[in-house]
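> Coordinates in input13.pdb, PDB, C-alpha atoms, are listed below.
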ATOM      1  CA  MET A 116      34.628  69.317  26.497
ATOM      2  CA  LYS A 117      32.767  66.212  27.671
ATOM      3  CA  LYS A 118      29.456  68.035  27.381
ATOM      4  CA  GLN A 119      30.362  68.903  23.798
ATOM      5  CA  TYR A 120      31.015  65.240  23.065
ATOM      6  CA  GLU A 121      27.406  64.461  23.997
ATOM      7  CA  ASP A 122      26.273  66.560  21.019
ATOM      8  CA  GLU A 123      24.156  64.123  19.002
ATOM      9  CA  ARG A 124      25.837  65.299  15.797
ATOM     10  CA  LEU A 125      29.095  63.808  17.080
ATOM     11  CA  GLN A 126      27.580  60.360  17.340
ATOM     12  CA  SER A 127      28.315  59.844  13.647
ATOM     13  CA  TRP A 128      31.961  59.602  14.732
ATOM     14  CA  VAL A 129      31.070  57.066  17.433
ATOM     15  CA  ILE A 130      29.239  54.945  14.846
ATOM     16  CA  LEU A 131      32.164  55.263  12.418
ATOM     17  CA  LEU A 132      34.752  54.192  15.000
ATOM     18  CA  ASN A 133      32.557  51.310  16.184
ATOM     19  CA  LYS A 134      32.457  50.001  12.607
ATOM     20  CA  LYS A 135      36.245  50.251  12.281
ATOM     21  CA  ILE A 136      36.689  48.180  15.435
ATOM     22  CA  ARG A 137      34.013  45.596  14.591
ATOM     23  CA  ARG A 138      34.675  45.128  10.875
ATOM     24  CA  ARG A 139      38.426  45.720  10.661
ATOM     25  CA  GLY A 140      39.454  44.617  14.133
ATOM     26  CA  TRP A 141      41.202  47.907  14.867
ATOM     27  CA  THR A 142      42.974  48.413  18.189
ATOM     28  CA  MET A 143      42.503  51.688  20.078
ATOM     29  CA  ASP A 144      45.925  52.822  18.801
ATOM     30  CA  GLN A 145      44.670  52.349  15.235
ATOM     31  CA  VAL A 146      41.450  54.184  16.103
ATOM     32  CA  ARG A 147      43.488  57.048  17.525
ATOM     33  CA  MET A 148      45.402  57.364  14.242
ATOM     34  CA  LEU A 149      42.479  56.301  12.018
ATOM     35  CA  GLY A 150      44.731  53.583  10.659
ATOM     36  CA  ARG A 151      47.427  56.047   9.532
ATOM     37  CA  ASP A 152      51.118  55.926  10.365
ATOM     38  CA  SER A 153      51.841  59.642  10.774
ATOM     39  CA  GLU A 154      50.107  62.714  12.151
ATOM     40  CA  ASP A 155      50.323  64.391   8.736
ATOM     41  CA  ASP A 156      48.381  61.513   7.186
ATOM     42  CA  LEU A 157      45.931  61.619  10.116
ATOM     43  CA  LEU A 158      45.283  65.318   9.506
ATOM     44  CA  ASP A 159      44.659  64.631   5.832
ATOM     45  CA  VAL A 160      42.084  61.930   6.524
ATOM     46  CA  LEU A 161      40.355  64.002   9.231
ATOM     47  CA  GLU A 162      40.041  66.922   6.847
ATOM     48  CA  ALA A 163      38.667  64.571   4.193
ATOM     49  CA  TYR A 164      35.887  63.544   6.594
ATOM     50  CA  ASP A 165      35.013  67.211   7.162
ATOM     51  CA  GLU A 166      32.487  67.294   4.316
ATOM     52  CA  ASP A 167      30.607  64.158   5.435
ATOM     53  CA  VAL A 168      30.285  64.435   9.219
ATOM     54  CA  TYR A 169      30.031  67.099  11.892
ATOM     55  CA  TYR A 170      33.581  68.282  12.517
ATOM     56  CA  PRO A 171      34.323  70.264  15.734
ATOM     57  CA  PHE A 172      38.046  69.457  15.964
ATOM     58  CA  ASP A 173      40.321  72.498  15.637
ATOM     59  CA  ASN A 174      43.542  70.549  15.991
ATOM     60  CA  LEU A 175      44.921  67.094  16.701
ATOM     61  CA  ASP A 176      44.765  67.644  20.460
ATOM     62  CA  ASP A 177      40.985  68.055  20.158
ATOM     63  CA  TRP A 178      40.810  64.825  18.172
ATOM     64  CA  TYR A 179      42.927  62.929  20.720
ATOM     65  CA  ASP A 180      40.716  64.248  23.543
ATOM     66  CA  PHE A 181      37.648  62.967  21.727
ATOM     67  CA  VAL A 182      39.210  59.530  21.158
ATOM     68  CA  ASP A 183      40.130  59.352  24.858
ATOM     69  CA  TYR A 184      36.521  60.132  25.746
ATOM     70  CA  TYR A 185      35.288  57.560  23.225
ATOM     71  CA  GLN A 186      37.525  54.914  24.800
ATOM     72  CA  GLU A 187      36.351  55.852  28.299
ATOM     73  CA  GLN A 188      32.695  55.468  27.302
ATOM     74  CA  ARG A 189      33.424  52.222  25.503
ATOM     75  CA  GLU A 190      35.093  50.760  28.573
ATOM     76  CA  GLN A 191      32.223  51.863  30.810
ATOM     77  CA  THR A 192      29.619  50.216  28.588
ATOM     78  CA  ILE A 193      29.070  46.486  28.355
ATOM     79  CA  GLU A 194      30.690  45.174  25.217
ATOM     80  CA  ALA A 195      29.314  42.047  23.581
ATOM     81  CA  ARG A 196      32.250  39.787  24.292
ATOM     82  CA  ILE A 197      30.277  36.646  23.675
ATOM     83  CA  ILE A 198      31.023  33.059  24.586
ATOM     84  CA  ARG A 199      28.583  30.833  22.727
ATOM     85  CA  ASP A 200      27.915  27.270  21.678
ATOM     86  CA  SER A 201      26.768  28.012  18.142
ATOM     87  CA  GLU A 202      27.485  30.064  15.049
ATOM     88  CA  ARG A 203      23.806  30.353  14.165
ATOM     89  CA  GLY A 204      22.093  33.645  13.474
ATOM     90  CA  THR A 205      21.595  35.720  10.373
ATOM     91  CA  GLY A 206      24.311  38.330  10.833
ATOM     92  CA  ASP A 207      22.381  40.939   8.842
ATOM     93  CA  ARG A 208      19.719  42.321  11.206
ATOM     94  CA  THR A 209      19.750  46.106  11.601
ATOM     95  CA  VAL A 210      17.279  47.897  13.845
ATOM     96  CA  SER A 211      15.026  50.576  12.417
ATOM     97  CA  GLU A 212      15.483  54.252  13.188
ATOM     98  CA  LEU A 213      11.774  54.980  12.731
ATOM     99  CA  PRO A 214      10.277  56.675  15.827
ATOM    100  CA  ASN A 215       7.447  54.144  16.157
ATOM    101  CA  LYS A 216       9.796  51.159  16.397
ATOM    102  CA  PRO A 217      10.680  49.511  19.727
ATOM    103  CA  TRP A 218      14.413  50.163  19.897
ATOM    104  CA  HIS A 219      14.186  53.776  18.737
ATOM    105  CA  ALA A 220      11.474  54.465  21.315
ATOM    106  CA  PHE A 221      13.652  52.877  24.009
ATOM    107  CA  ARG A 222      16.635  54.978  22.898
ATOM    108  CA  GLU A 223      14.639  58.206  23.027
ATOM    109  CA  GLY A 224      13.543  57.362  26.567
ATOM    110  CA  LEU A 225      17.174  56.925  27.639
ATOM    111  CA  ILE A 226      18.084  60.277  26.101
ATOM    112  CA  ASP A 227      15.143  62.049  27.748
ATOM    113  CA  ARG A 228      16.014  60.704  31.212
ATOM    114  CA  LYS A 229      19.684  61.668  30.755
ATOM    115  CA  GLU A 230      20.834  58.686  32.801
ATOM    116  CA  ILE A 231      23.282  57.419  30.183
ATOM    117  CA  PRO A 232      25.498  59.540  27.891
ATOM    118  CA  ILE A 233      24.533  59.501  24.223
ATOM    119  CA  SER A 234      27.929  58.083  23.304
ATOM    120  CA  SER A 235      27.309  55.157  25.676
ATOM    121  CA  ILE A 236      23.890  54.609  24.097
ATOM    122  CA  GLU A 237      25.564  54.264  20.698
ATOM    123  CA  GLN A 238      28.021  51.772  22.168
ATOM    124  CA  MET A 239      25.066  49.902  23.643
ATOM    125  CA  LYS A 240      23.388  49.774  20.242
ATOM    126  CA  ALA A 241      26.492  48.250  18.644
ATOM    127  CA  SER A 242      26.836  45.642  21.401
ATOM    128  CA  SER A 243      23.135  44.725  21.303
ATOM    129  CA  GLU A 244      23.161  44.356  17.519
ATOM    130  CA  ASP A 245      26.135  42.001  17.836
ATOM    131  CA  VAL A 246      24.091  39.776  20.143
ATOM    132  CA  LEU A 247      20.933  40.179  18.030
ATOM    133  CA  ASN A 248      22.746  38.848  14.997
ATOM    134  CA  LEU A 249      23.866  35.699  16.795
ATOM    135  CA  LEU A 250      20.334  34.669  17.726
ATOM    136  CA  ALA A 251      18.465  32.010  15.797
ATOM    137  CA  ASP A 252      14.797  32.840  15.326
ATOM    138  CA  GLY A 253      13.435  29.392  14.485
ATOM    139  CA  SER A 254      12.218  30.524  11.068
ATOM    140  CA  ASN A 255      14.392  28.081   9.120
ATOM    141  CA  ASP A 256      16.010  24.799  10.156
ATOM    142  CA  ASP A 257      17.700  26.340  13.165
ATOM    143  CA  HIS A 258      15.358  25.129  15.902
ATOM    144  CA  GLY A 259      16.780  24.675  19.351
ATOM    145  CA  PRO A 260      18.456  27.085  21.736
ATOM    146  CA  VAL A 261      21.451  29.293  21.100
ATOM    147  CA  ARG A 262      23.373  29.863  24.323
ATOM    148  CA  GLY A 263      25.822  32.645  25.012
ATOM    149  CA  LEU A 264      27.458  34.695  27.723
ATOM    150  CA  VAL A 265      27.852  38.465  27.464
ATOM    151  CA  MET A 266      30.686  39.800  29.601
ATOM    152  CA  GLY A 267      31.135  43.404  30.672
ATOM    153  CA  ASN A 268      32.316  45.683  33.421
ATOM    154  CA  VAL A 269      30.593  45.845  36.805
ATOM    155  CA  GLN A 270      27.901  48.555  37.019
ATOM    156  CA  SER A 271      28.196  49.281  33.309
ATOM    157  CA  GLY A 272      24.517  49.536  32.463
ATOM    158  CA  LYS A 273      23.614  45.828  32.659
ATOM    159  CA  THR A 274      19.851  46.325  32.868
ATOM    160  CA  ALA A 275      19.837  48.918  30.093
ATOM    161  CA  ASN A 276      21.789  46.522  27.868
ATOM    162  CA  MET A 277      19.275  43.755  28.543
ATOM    163  CA  GLU A 278      16.422  46.127  27.741
ATOM    164  CA  SER A 279      18.190  47.237  24.579
ATOM    165  CA  LEU A 280      18.403  43.645  23.336
ATOM    166  CA  MET A 281      14.763  43.052  24.278
ATOM    167  CA  ALA A 282      13.666  46.111  22.298
ATOM    168  CA  MET A 283      15.681  45.012  19.275
ATOM    169  CA  THR A 284      14.411  41.438  19.269
ATOM    170  CA  ALA A 285      10.828  42.686  19.733
ATOM    171  CA  GLU A 286      11.211  44.420  16.383
ATOM    172  CA  PHE A 287      12.191  41.119  14.756
ATOM    173  CA  GLY A 288       9.326  39.050  16.133
ATOM    174  CA  TRP A 289      10.489  37.588  19.430
ATOM    175  CA  ASN A 290       7.435  37.554  21.645
ATOM    176  CA  VAL A 291       8.171  35.920  25.020
ATOM    177  CA  TYR A 292      10.869  37.213  27.385
ATOM    178  CA  ILE A 293      11.950  35.361  30.502
ATOM    179  CA  ILE A 294      14.211  37.310  32.860
ATOM    180  CA  LEU A 295      15.741  35.058  35.499
ATOM    181  CA  THR A 296      16.469  37.201  38.527
ATOM    182  CA  GLY A 297      18.253  36.140  41.695
ATOM    183  CA  THR A 298      16.637  34.652  44.788
ATOM    184  CA  ILE A 299      15.239  37.809  46.440
ATOM    185  CA  GLU A 300      11.648  38.807  45.678
ATOM    186  CA  SER A 301      12.115  42.539  46.292
ATOM    187  CA  LEU A 302      14.914  42.654  43.692
ATOM    188  CA  ARG A 303      12.767  40.729  41.208
ATOM    189  CA  ILE A 304       9.999  43.315  41.635
ATOM    190  CA  GLN A 305      12.548  46.111  41.264
ATOM    191  CA  THR A 306      13.776  44.660  37.958
ATOM    192  CA  GLU A 307      10.200  44.246  36.675
ATOM    193  CA  GLU A 308       9.271  47.827  37.622
ATOM    194  CA  ARG A 309      12.419  49.183  35.984
ATOM    195  CA  MET A 310      11.658  47.372  32.721
ATOM    196  CA  HIS A 311       8.018  48.457  32.863
ATOM    197  CA  ARG A 312       9.252  52.052  33.054
ATOM    198  CA  ASP A 313      11.997  51.806  30.437
ATOM    199  CA  LEU A 314      10.267  49.857  27.639
ATOM    200  CA  PRO A 315       7.681  52.132  25.978
ATOM    201  CA  SER A 316       4.859  50.471  24.067
ATOM    202  CA  LYS A 317       5.571  51.927  20.636
ATOM    203  CA  GLY A 318       5.427  49.521  17.741
ATOM    204  CA  VAL A 319       4.787  46.701  20.204
ATOM    205  CA  GLY A 320       2.753  46.316  23.385
ATOM    206  CA  TRP A 321       4.831  45.174  26.352
ATOM    207  CA  GLN A 322       2.737  42.920  28.580
ATOM    208  CA  PHE A 323       4.268  42.185  31.974
ATOM    209  CA  ILE A 324       3.013  38.997  33.564
ATOM    210  CA  PRO A 325       3.143  39.621  37.323
ATOM    211  CA  ARG A 326       2.129  36.106  38.231
ATOM    212  CA  ILE A 327       2.033  33.003  36.081
ATOM    213  CA  SER A 328      -1.538  31.834  35.640
ATOM    214  CA  PHE A 329      -3.248  29.086  33.687
ATOM    215  CA  ASN A 330      -6.510  31.040  33.512
ATOM    216  CA  GLY A 331      -7.408  34.602  32.570
ATOM    217  CA  ALA A 332      -5.649  37.191  30.422
ATOM    218  CA  PHE A 333      -2.194  35.635  30.730
ATOM    219  CA  ALA A 334      -3.174  32.004  30.397
ATOM    220  CA  PRO A 335      -1.151  30.330  27.630
ATOM    221  CA  SER A 336      -4.283  29.904  25.501
ATOM    222  CA  SER A 337      -4.993  33.670  25.710
ATOM    223  CA  LEU A 338      -1.606  34.868  24.465
ATOM    224  CA  LYS A 339      -1.471  36.729  21.146
ATOM    225  CA  LEU A 340       1.500  35.111  19.427
ATOM    226  CA  ARG A 341       0.602  34.954  15.764
ATOM    227  CA  LYS A 342       2.853  36.573  13.196
ATOM    228  CA  GLY A 343       1.824  40.216  13.048
ATOM    229  CA  ASP A 344       0.532  40.351  16.634
ATOM    230  CA  SER A 345       2.148  43.234  18.498
ATOM    231  CA  ASP A 346       2.058  41.969  22.092
ATOM    232  CA  ARG A 347       5.341  41.043  23.772
ATOM    233  CA  TYR A 348       5.168  39.123  27.054
ATOM    234  CA  VAL A 349       7.709  39.607  29.849
ATOM    235  CA  ILE A 350       8.099  37.274  32.826
ATOM    236  CA  THR A 351      10.563  38.039  35.615
ATOM    237  CA  CYS A 352      11.116  34.825  37.546
ATOM    238  CA  LEU A 353      13.021  33.999  40.710
ATOM    239  CA  LYS A 354      15.536  31.217  40.469
ATOM    240  CA  ASN A 355      13.955  28.787  42.864
ATOM    241  CA  SER A 356      12.714  25.311  42.007
ATOM    242  CA  SER A 357       8.981  25.824  42.579
ATOM    243  CA  ARG A 358       8.722  28.943  40.422
ATOM    244  CA  LEU A 359      10.872  27.470  37.672
ATOM    245  CA  LYS A 360       8.775  24.298  37.597
ATOM    246  CA  THR A 361       5.601  26.391  37.337
ATOM    247  CA  LEU A 362       7.163  28.424  34.532
ATOM    248  CA  LEU A 363       8.148  25.268  32.655
ATOM    249  CA  ARG A 364       4.624  23.875  33.013
ATOM    250  CA  TRP A 365       3.189  27.191  31.753
ATOM    251  CA  LEU A 366       5.446  27.147  28.671
ATOM    252  CA  ASN A 367       4.361  23.592  27.795
ATOM    253  CA  TYR A 368       0.694  23.932  28.750
ATOM    254  CA  ASP A 369      -0.684  24.721  25.296
ATOM    255  CA  GLN A 370       1.310  23.012  22.544
ATOM    256  CA  SER A 371      -0.219  25.088  19.729
ATOM    257  CA  LYS A 372       0.805  28.299  21.504
ATOM    258  CA  LYS A 373       4.198  26.860  22.339
ATOM    259  CA  GLN A 374       4.888  26.435  18.632
ATOM    260  CA  MET A 375       4.307  30.182  18.158
ATOM    261  CA  MET A 376       6.608  31.257  20.976
ATOM    262  CA  ARG A 377       9.914  32.866  20.109
ATOM    263  CA  VAL A 378      11.593  33.005  23.477
ATOM    264  CA  LEU A 379      14.527  35.050  24.747
ATOM    265  CA  ILE A 380      15.798  33.965  28.166
ATOM    266  CA  ILE A 381      18.155  36.291  30.035
ATOM    267  CA  ASP A 382      19.874  35.235  33.250
ATOM    268  CA  ASP A 383      20.096  38.554  35.094
ATOM    269  CA  GLU A 384      22.119  37.122  37.992
ATOM    270  CA  SER A 385      24.400  34.553  36.396
ATOM    271  CA  ASP A 386      26.728  34.659  39.409
ATOM    272  CA  GLN A 387      23.939  33.564  41.787
ATOM    273  CA  ALA A 388      21.993  30.304  41.636
ATOM    274  CA  SER A 389      23.076  30.020  38.014
ATOM    275  CA  LEU A 390      21.871  27.426  35.538
ATOM    276  CA  ASN A 391      23.640  24.095  35.223
ATOM    277  CA  THR A 392      25.282  24.238  31.798
ATOM    278  CA  LYS A 393      26.885  20.813  31.950
ATOM    279  CA  LYS A 394      25.780  18.292  29.363
ATOM    280  CA  ILE A 395      23.368  15.850  30.949
TER     281      ILE A 395
END
Represent the structure of the file as structure tokens.

Amino acid sequence: MKKQYEDERLQSWVILLNKKIRRRGWTMDQVRMLGRDSEDDLLDVLEAYDEDVYYPFDNLDDWYDFVDYYQEQREQTIEARIIRDSERGTGDRTVSELPNKPWHAFREGLIDRKEIPISSIEQMKASSEDVLNLLADGSNDDHGPVRGLVMGNVQSGKTANMESLMAMTAEFGWNVYIILTGTIESLRIQTEERMHRDLPSKGVGWQFIPRISFNGAFAPSSLKLRKGDSDRYVITCLKNSSRLKTLLRWLNYDQSKKQMMRVLIIDDESDQASLNTKKI
């Protein structure tokens, strides 16, 4: 049955249930009953959905099996349980489903590699859009950082979730990505190579900066950061003082370019050499 649940036609149910949880605050018991109090009422509402969505359920046991699988995938995927210092963000960003857009291209790559179930990819989309809609983009009077913590289960697709958010924000004009890795160079390279593989250059051009430089193609003055430019720059940086100081100097080197930067910083190893979040 699990293979059947990976049928892409069934993902309309995943999207529907995600909306019920996010917009109505449903518990899993309410999801299981679709908000109804009796199995007779549940059957009625399931049959009413039959005309609008793909409907493979022959009986209530099939439905309950699907909900159990949905819950299992939800628990295995990072959910955007976010601790933040701000309520900024637009709340109305929705990623495009066009094939030449960054997130859709990223999604298709995940499906082709078959590393993550389709149902988990849909959960990932919902979680990433939650985070996307909390970000301030600097376009109005919302300058300054928005800080937040996304909590999820161990080994629940952390890197894929980071990449998902990167692909979504790339669509909305973010153009500089700083991934703070741990303290081991080989793991930093591994993260960079993984992202280089997973983020296809469709709709945008992902430019990975292997080494911060003040001259050449990746010098601050050479970056293409104007509105409408398609390049997106990714820096994976170890959390040690010398590299962070060099990164900070690079970000501030050209003030005119700095004004054009829309930066997303992701701490990939927040449990190791983490940032000092105390007010100073």
> Which residues are close to A:Thr209, i.e. within 12 Å by only C-alpha atoms, leaving aside same-chain residues fewer than 6 positions away? Reply as number ranges by chain.
A: 218-219, 240-241, 243-248, 283-284, 286-287
> Spell out the residues picked by the PyMOL selection byres ((chain A and resi 278) around 10) here, as a list in words.
Trp218, Phe221, Ser243, Gly272, Lys273, Thr274, Ala275, Asn276, Met277, Ser279, Leu280, Met281, Ala282, Met283, Thr284, Arg309, Met310, Asp313 and Leu314 of chain A
> Quick one: write out the picked residues with C-alpha atoms as a compact mmCIF listing (two decimals), in the frame of the given file?

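So selection-v7.txt came out as:
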# COMPACT_ATOMS: atom_id res chain seq x y z
CA TRP A 218 14.41 50.16 19.90
CA PHE A 221 13.65 52.88 24.01
CA SER A 243 23.14 44.72 21.30
CA GLY A 272 24.52 49.54 32.46
CA LYS A 273 23.61 45.83 32.66
CA THR A 274 19.85 46.32 32.87
CA ALA A 275 19.84 48.92 30.09
CA ASN A 276 21.79 46.52 27.87
CA MET A 277 19.27 43.76 28.54
CA SER A 279 18.19 47.24 24.58
CA LEU A 280 18.40 43.64 23.34
CA MET A 281 14.76 43.05 24.28
CA ALA A 282 13.67 46.11 22.30
CA MET A 283 15.68 45.01 19.27
CA THR A 284 14.41 41.44 19.27
CA ARG A 309 12.42 49.18 35.98
CA MET A 310 11.66 47.37 32.72
CA ASP A 313 12.00 51.81 30.44
CA LEU A 314 10.27 49.86 27.64
> Tell me which of A:Lys229, A:Arg189, A:Arg139, A:Arg124 sits closest to A:Tyr170, counting all atoms listed in the file.
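Of A:Lys229, A:Arg189, A:Arg139, A:Arg124, the one nearest A:Tyr170, counting all atoms listed in the file, is A:Arg124.
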> For a test of reading the model, state the distance in Å between atom CA of A:Ser336 and atom CA of A:Pro260, rounded to one decimal.
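Distance between the two atoms: 23.2 Å.
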> Between A:Ser127, A:Leu175, A:Thr142, A:Arg137, single out the one closest to A:Glu154, counting only C-alpha atoms.
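For A:Glu154, the nearest of the given residues is A:Leu175.
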